[in-house]
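Q: Next up is a structure, given as structure tokens.
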Amino acid sequence: MVTAAPPLPAPALSRAARVRHLGPNWYASVMGTAVLGSAGTTLTGHPSGLRGVLAGFWVLSLLMLVVLLTARALHWTRHGDQARAHLLDPAMAPFYGCLAMALLAVGGGAMTAGRPLLGTGPAVALDAVLFTAGTAVGLAAAVTVPYLMAVRHRVEPSQATPVWLLPLVAPMVSAALGPLLVPHLPPGQPRESLLLGCFALFGLSLFATLLTLPLLFGRLLTSGPLPLALTPTLFLVLGPLGQSTTAVGLIADAAPGVVPAPYDRGLGVFAVLYGVPVMGFALLWLGLATAHVVRARRQGMGFAMTWWAFTFPVGTCVTGAATLARHTGLAGYEALAVGLYAVLVAAWLAATGGTLRGLFTGELLRGPRPARAAPAPVTGRTRSGAVR
């Protein structure tokens, strides 16, 4: 009988080493916190007393963004080798899309949850800066990451994971949040250009997503479940679904007086004809992803930063359902938005609790541990077992 060796004691980290393994995946915590505030403002009839709470979540996301931008800048200046390694790592490079979405989520939150606190003028100015920066970074990631995967990463179809969607969905976040700025531009071509630009970003992200989703679904059916730590990333598929439904709804809301008839009315029709079936597929995927997570949890899935995948994608489904409720007048979509928001709150609490514990122990900022010894000989029985 072979007994496991006791775990090695975790070495203390110096100040410089604390950010060495701080990857772009950490921006997902900013996204998940920002959407908690902005999604709450879309719920019909939410108590006015919650406005301060929602604004507080937006302020927290803004502070987190500033801290992470500073830490990541230190990471690039002090640990450039590791930063370049992240960019060339097929498992880490897609998370550069999270930087774009973090900028966009905080900027959009300034126009929703943060607006009562900031006032219209400062909220518009802040959103304009973050929207411009986030859209530029998102477009760069949408081109650069797939290019690197094609020429440098050499990935196999069996390695496909929902993380591949992250750089592709970033332009969809721009498409959903850009309409908030349309009324604050001069009438005429500036407004129409931004609105149709958002519609173009919607198409860019949509078709790229439609090309990638079959790879992910086929990988699940032919290669089995994802590794335990990656199982929460199945929720990332909800992101383009909920965000695209939100995008077409908000584009339709901003269209009257901006684009000529009959295109303004046509966009309103399209928002329903597109959003209803897509939200139906989102609910199907939510059930499938939940079943995989329950299975993984029973098999010992512990906390990892991938738990933040439970937050922002669900938040986009909240805003998507709320948009459909507004366009269809159906109470069922209002109830769906409220129910999904409750899931979002629970997911945020779980991800935040795990992150704080990991930061307190230092575990989340440590690099991969070196192998201690060669494994014991593998028998026929253990070879056929699942290794996680």
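We label chains A, B, ... in the order they appear in the structure tokens, count residues from 1 in each chain, and number ligands from 1 in the order shown.
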Write out as number ranges by chain the set of residues from range 225-334 of chain A that DSSP, computed on the backbone, places in helix (DSSP H, G or I).

A: A: 228-254, 263-298, 305-310, 312-328, 331-334

Q: Could you save the residues just selected, with C-alpha atoms, as an mmCIF file, in the first residue's frame?

A:
```cif
data_model
loop_
_atom_site.group_PDB
_atom_site.id
_atom_site.type_symbol
_atom_site.label_atom_id
_atom_site.label_comp_id
_atom_site.auth_asym_id
_atom_site.auth_seq_id
_atom_site.Cartn_x
_atom_site.Cartn_y
_atom_site.Cartn_z
ATOM 1 C CA LEU A 228 -12.744 19.404 -13.053
ATOM 2 C CA ALA A 229 -11.104 22.822 -12.714
ATOM 3 C CA LEU A 230 -12.337 23.854 -16.179
ATOM 4 C CA THR A 231 -15.905 22.643 -15.762
ATOM 5 C CA PRO A 232 -17.233 26.055 -14.600
ATOM 6 C CA THR A 233 -16.084 27.530 -17.928
ATOM 7 C CA LEU A 234 -19.074 25.831 -19.563
ATOM 8 C CA PHE A 235 -21.037 28.813 -18.253
ATOM 9 C CA LEU A 236 -19.001 31.053 -20.569
ATOM 10 C CA VAL A 237 -21.192 29.900 -23.455
ATOM 11 C CA LEU A 238 -24.044 31.848 -21.856
ATOM 12 C CA GLY A 239 -22.061 35.060 -22.381
ATOM 13 C CA PRO A 240 -22.503 35.503 -26.144
ATOM 14 C CA LEU A 241 -26.086 34.244 -25.912
ATOM 15 C CA GLY A 242 -27.276 36.623 -23.209
ATOM 16 C CA GLN A 243 -25.107 39.509 -24.398
ATOM 17 C CA SER A 244 -26.291 39.277 -27.997
ATOM 18 C CA THR A 245 -29.926 39.283 -26.844
ATOM 19 C CA THR A 246 -29.163 42.358 -24.766
ATOM 20 C CA ALA A 247 -27.333 43.997 -27.669
ATOM 21 C CA VAL A 248 -30.125 43.721 -30.230
ATOM 22 C CA GLY A 249 -32.649 44.914 -27.642
ATOM 23 C CA LEU A 250 -30.656 48.008 -26.683
ATOM 24 C CA ILE A 251 -29.842 48.767 -30.328
ATOM 25 C CA ALA A 252 -33.573 48.636 -31.078
ATOM 26 C CA ASP A 253 -34.307 50.929 -28.106
ATOM 27 C CA ALA A 254 -31.874 53.545 -29.432
ATOM 28 C CA TYR A 263 -35.131 50.201 -40.242
ATOM 29 C CA ASP A 264 -35.899 51.547 -36.780
ATOM 30 C CA ARG A 265 -39.058 49.449 -36.545
ATOM 31 C CA GLY A 266 -37.292 46.518 -38.188
ATOM 32 C CA LEU A 267 -34.647 46.492 -35.472
ATOM 33 C CA GLY A 268 -37.399 46.238 -32.865
ATOM 34 C CA VAL A 269 -38.888 43.234 -34.658
ATOM 35 C CA PHE A 270 -35.466 41.638 -34.998
ATOM 36 C CA ALA A 271 -34.808 42.067 -31.277
ATOM 37 C CA VAL A 272 -37.755 39.770 -30.504
ATOM 38 C CA LEU A 273 -37.327 37.321 -33.378
ATOM 39 C CA TYR A 274 -33.672 36.857 -32.482
ATOM 40 C CA GLY A 275 -33.832 37.133 -28.715
ATOM 41 C CA VAL A 276 -36.612 34.638 -27.995
ATOM 42 C CA PRO A 277 -34.993 31.549 -29.604
ATOM 43 C CA VAL A 278 -31.513 32.493 -28.415
ATOM 44 C CA MET A 279 -32.716 32.840 -24.834
ATOM 45 C CA GLY A 280 -34.347 29.436 -25.209
ATOM 46 C CA PHE A 281 -31.004 27.912 -26.197
ATOM 47 C CA ALA A 282 -29.342 29.765 -23.315
ATOM 48 C CA LEU A 283 -31.697 28.050 -20.863
ATOM 49 C CA LEU A 284 -30.913 24.684 -22.453
ATOM 50 C CA TRP A 285 -27.182 25.323 -22.088
ATOM 51 C CA LEU A 286 -27.676 26.540 -18.521
ATOM 52 C CA GLY A 287 -29.217 23.181 -17.646
ATOM 53 C CA LEU A 288 -26.441 21.256 -19.394
ATOM 54 C CA ALA A 289 -23.669 23.300 -17.767
ATOM 55 C CA THR A 290 -25.293 22.993 -14.335
ATOM 56 C CA ALA A 291 -25.458 19.213 -14.680
ATOM 57 C CA HIS A 292 -21.743 19.089 -15.530
ATOM 58 C CA VAL A 293 -20.883 21.305 -12.563
ATOM 59 C CA VAL A 294 -22.915 19.153 -10.163
ATOM 60 C CA ARG A 295 -21.094 16.076 -11.467
ATOM 61 C CA ALA A 296 -17.708 17.768 -11.115
ATOM 62 C CA ARG A 297 -18.524 18.965 -7.606
ATOM 63 C CA ARG A 298 -19.419 15.437 -6.552
ATOM 64 C CA MET A 305 -10.576 31.322 -10.499
ATOM 65 C CA THR A 306 -12.733 29.635 -13.144
ATOM 66 C CA TRP A 307 -15.614 29.985 -10.669
ATOM 67 C CA TRP A 308 -15.934 33.597 -11.883
ATOM 68 C CA ALA A 309 -17.396 32.071 -15.054
ATOM 69 C CA PHE A 310 -20.575 31.633 -13.013
ATOM 70 C CA PHE A 312 -20.736 37.614 -15.836
ATOM 71 C CA PRO A 313 -22.327 35.149 -18.322
ATOM 72 C CA VAL A 314 -25.336 34.694 -16.033
ATOM 73 C CA GLY A 315 -25.501 38.479 -15.671
ATOM 74 C CA THR A 316 -25.787 38.857 -19.449
ATOM 75 C CA CYS A 317 -28.733 36.456 -19.387
ATOM 76 C CA VAL A 318 -30.356 38.658 -16.718
ATOM 77 C CA THR A 319 -30.072 41.713 -18.954
ATOM 78 C CA GLY A 320 -31.170 39.675 -21.981
ATOM 79 C CA ALA A 321 -34.300 38.418 -20.212
ATOM 80 C CA ALA A 322 -35.054 41.930 -18.947
ATOM 81 C CA THR A 323 -34.712 43.279 -22.486
ATOM 82 C CA LEU A 324 -37.138 40.661 -23.805
ATOM 83 C CA ALA A 325 -39.554 41.498 -21.003
ATOM 84 C CA ARG A 326 -39.503 45.120 -22.088
ATOM 85 C CA HIS A 327 -39.987 44.329 -25.787
ATOM 86 C CA THR A 328 -42.627 41.619 -25.408
ATOM 87 C CA ALA A 331 -44.288 38.731 -17.197
ATOM 88 C CA GLY A 332 -42.529 35.401 -17.704
ATOM 89 C CA TYR A 333 -39.382 37.125 -18.867
ATOM 90 C CA GLU A 334 -39.520 39.475 -15.883
#
```

Q: Set the distance at 10 Å and use only C-alpha atoms: which residues neighbour Val345 in chain A once local chain neighbours fewer than 3 positions away are removed? I'd like the list as number ranges by chain.

A: A: 32-33, 36, 40, 310-311, 314-315, 340-342, 348-351

Q: With distances taken over only C-alpha atoms, which residue among A:Tyr147, A:Phe202, A:Phe207, A:Trp26 lies nearest Ser174 in chain A?

A: A:Phe202

Q: Quick check, in Å to one decimal: how far apart do CA of Leu213 in chain A and CA of Val151 in chain A lie?

A: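 For CA of Leu213 in chain A relative to CA of Val151 in chain A, the distance reads 20.9 Å.
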
Q: CA of Gly257 in chain A and CA of Thr42 in chain A, how far apart in Å?

A: 23.0 Å

Q: Please list as a PyMOL selection string every residue within 12 Å of Glu156 in chain A, counting only C-alpha atoms and excluding residues in the same chain fewer than 2 positions away.

A: chain A and resi 90+149-150+153-154+158-161+215-216+219+223

Q: Include N, CA and C atoms and write out the residues we just selected as a short mmCIF file (atom, residue, chain, number, x, y, z; two decimals), in the first residue's frame.

A:
```cif
data_model
loop_
_atom_site.label_atom_id
_atom_site.label_comp_id
_atom_site.auth_asym_id
_atom_site.auth_seq_id
_atom_site.Cartn_x
_atom_site.Cartn_y
_atom_site.Cartn_z
N PRO A 90 -1.77 28.69 -24.95
CA PRO A 90 -3.13 28.55 -25.48
C PRO A 90 -4.19 28.48 -24.40
N MET A 149 -3.36 31.24 -32.01
CA MET A 149 -3.77 29.84 -31.89
C MET A 149 -3.52 29.10 -33.20
N ALA A 150 -3.62 29.81 -34.32
CA ALA A 150 -3.43 29.16 -35.61
C ALA A 150 -1.95 28.96 -35.94
N HIS A 153 0.17 28.24 -31.35
CA HIS A 153 -0.25 27.40 -30.23
C HIS A 153 -0.37 25.92 -30.59
N ARG A 154 -0.74 25.62 -31.83
CA ARG A 154 -0.85 24.23 -32.27
C ARG A 154 -1.79 23.42 -31.37
N SER A 158 -9.54 18.23 -29.63
CA SER A 158 -9.89 17.66 -28.32
C SER A 158 -9.52 18.60 -27.17
N GLN A 159 -8.74 19.65 -27.46
CA GLN A 159 -8.37 20.62 -26.42
C GLN A 159 -9.32 21.81 -26.37
N ALA A 160 -10.35 21.81 -27.19
CA ALA A 160 -11.28 22.94 -27.23
C ALA A 160 -11.97 23.11 -25.89
N THR A 161 -12.03 24.35 -25.41
CA THR A 161 -12.74 24.68 -24.18
C THR A 161 -13.52 25.96 -24.41
N LEU A 215 -17.38 23.38 -32.28
CA LEU A 215 -16.16 22.74 -31.80
C LEU A 215 -16.29 22.36 -30.33
N LEU A 216 -16.86 23.28 -29.54
CA LEU A 216 -17.00 23.02 -28.11
C LEU A 216 -18.01 21.91 -27.83
N ARG A 219 -16.57 18.62 -28.89
CA ARG A 219 -15.55 18.15 -27.97
C ARG A 219 -16.18 17.47 -26.75
N SER A 223 -15.08 13.71 -26.63
CA SER A 223 -13.91 13.57 -25.76
C SER A 223 -14.26 13.53 -24.28
#
```

Q: Taking 5 positions as the minimum chain separation for residues in the same chain, which residues sit within 9 Å of range 131-137 of chain A when counting only C-alpha atoms? Answer as a ChimeraX atom specification.

A: /A:96-97,99-108,126,142,170-171,173-174,177-178

Q: Take the selection from the previous step and output its residues with C-alpha atoms, as a PDB file, in the first residue's frame.

A:
```
ATOM      1  CA  TYR A  96      -6.906  38.733 -22.706  1.00  0.00           C
ATOM      2  CA  GLY A  97     -10.486  39.185 -23.829  1.00  0.00           C
ATOM      3  CA  LEU A  99      -9.329  42.886 -20.067  1.00  0.00           C
ATOM      4  CA  ALA A 100     -11.546  44.368 -22.765  1.00  0.00           C
ATOM      5  CA  MET A 101     -14.740  43.169 -21.118  1.00  0.00           C
ATOM      6  CA  ALA A 102     -13.658  44.467 -17.712  1.00  0.00           C
ATOM      7  CA  LEU A 103     -13.115  47.949 -19.165  1.00  0.00           C
ATOM      8  CA  LEU A 104     -16.452  47.798 -20.962  1.00  0.00           C
ATOM      9  CA  ALA A 105     -18.388  46.413 -17.986  1.00  0.00           C
ATOM     10  CA  VAL A 106     -17.149  49.120 -15.631  1.00  0.00           C
ATOM     11  CA  GLY A 107     -17.774  51.797 -18.257  1.00  0.00           C
ATOM     12  CA  GLY A 108     -21.290  50.575 -18.947  1.00  0.00           C
ATOM     13  CA  LEU A 126     -15.970  57.860 -17.948  1.00  0.00           C
ATOM     14  CA  ALA A 142     -10.492  39.020 -31.353  1.00  0.00           C
ATOM     15  CA  ALA A 170     -15.622  40.989 -26.232  1.00  0.00           C
ATOM     16  CA  PRO A 171     -16.942  42.874 -29.313  1.00  0.00           C
ATOM     17  CA  VAL A 173     -20.081  43.467 -25.031  1.00  0.00           C
ATOM     18  CA  SER A 174     -19.216  46.629 -26.966  1.00  0.00           C
ATOM     19  CA  LEU A 177     -23.054  48.841 -24.179  1.00  0.00           C
ATOM     20  CA  GLY A 178     -22.409  51.243 -27.062  1.00  0.00           C
TER      21      GLY A 178
END
```

Q: Fewer than 4 positions away in the same chain doesn't count, so skip those; otherwise give me all residues within 10 Å of range 62-72 of chain A, counting only C-alpha atoms, as a VMD selection string.

A: chain A and resid 18 to 24 26 to 27 29 to 31 33 to 34 56 to 58 76 to 79 83 99 102 to 103 105 to 107 109 to 110 114

Q: Compile the contact shell of range 93-95 of chain A as a list in words: residues with an atom at most 6 Å away, counting only C-alpha atoms, same-chain residues fewer than 4 positions apart removed.

A: Pro24, Asn25, His86, Leu87, Asp89, Trp164, Leu166 and Pro167 of chain A

Q: Could you take the residues named above and write them with C-alpha atoms, as an mmCIF file, in the first residue's frame?

A:
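Result file follows (part27.cif):
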```
data_model
loop_
_atom_site.group_PDB
_atom_site.id
_atom_site.type_symbol
_atom_site.label_atom_id
_atom_site.label_comp_id
_atom_site.auth_asym_id
_atom_site.auth_seq_id
_atom_site.Cartn_x
_atom_site.Cartn_y
_atom_site.Cartn_z
ATOM 1 C CA PRO A 24 -5.360 38.258 -17.326
ATOM 2 C CA ASN A 25 -7.962 35.800 -16.021
ATOM 3 C CA HIS A 86 0.897 33.949 -20.855
ATOM 4 C CA LEU A 87 0.299 35.466 -24.288
ATOM 5 C CA ASP A 89 0.008 29.913 -23.755
ATOM 6 C CA TRP A 164 -11.811 30.091 -26.592
ATOM 7 C CA LEU A 166 -13.517 35.017 -24.453
ATOM 8 C CA PRO A 167 -11.735 37.110 -27.111
#
```
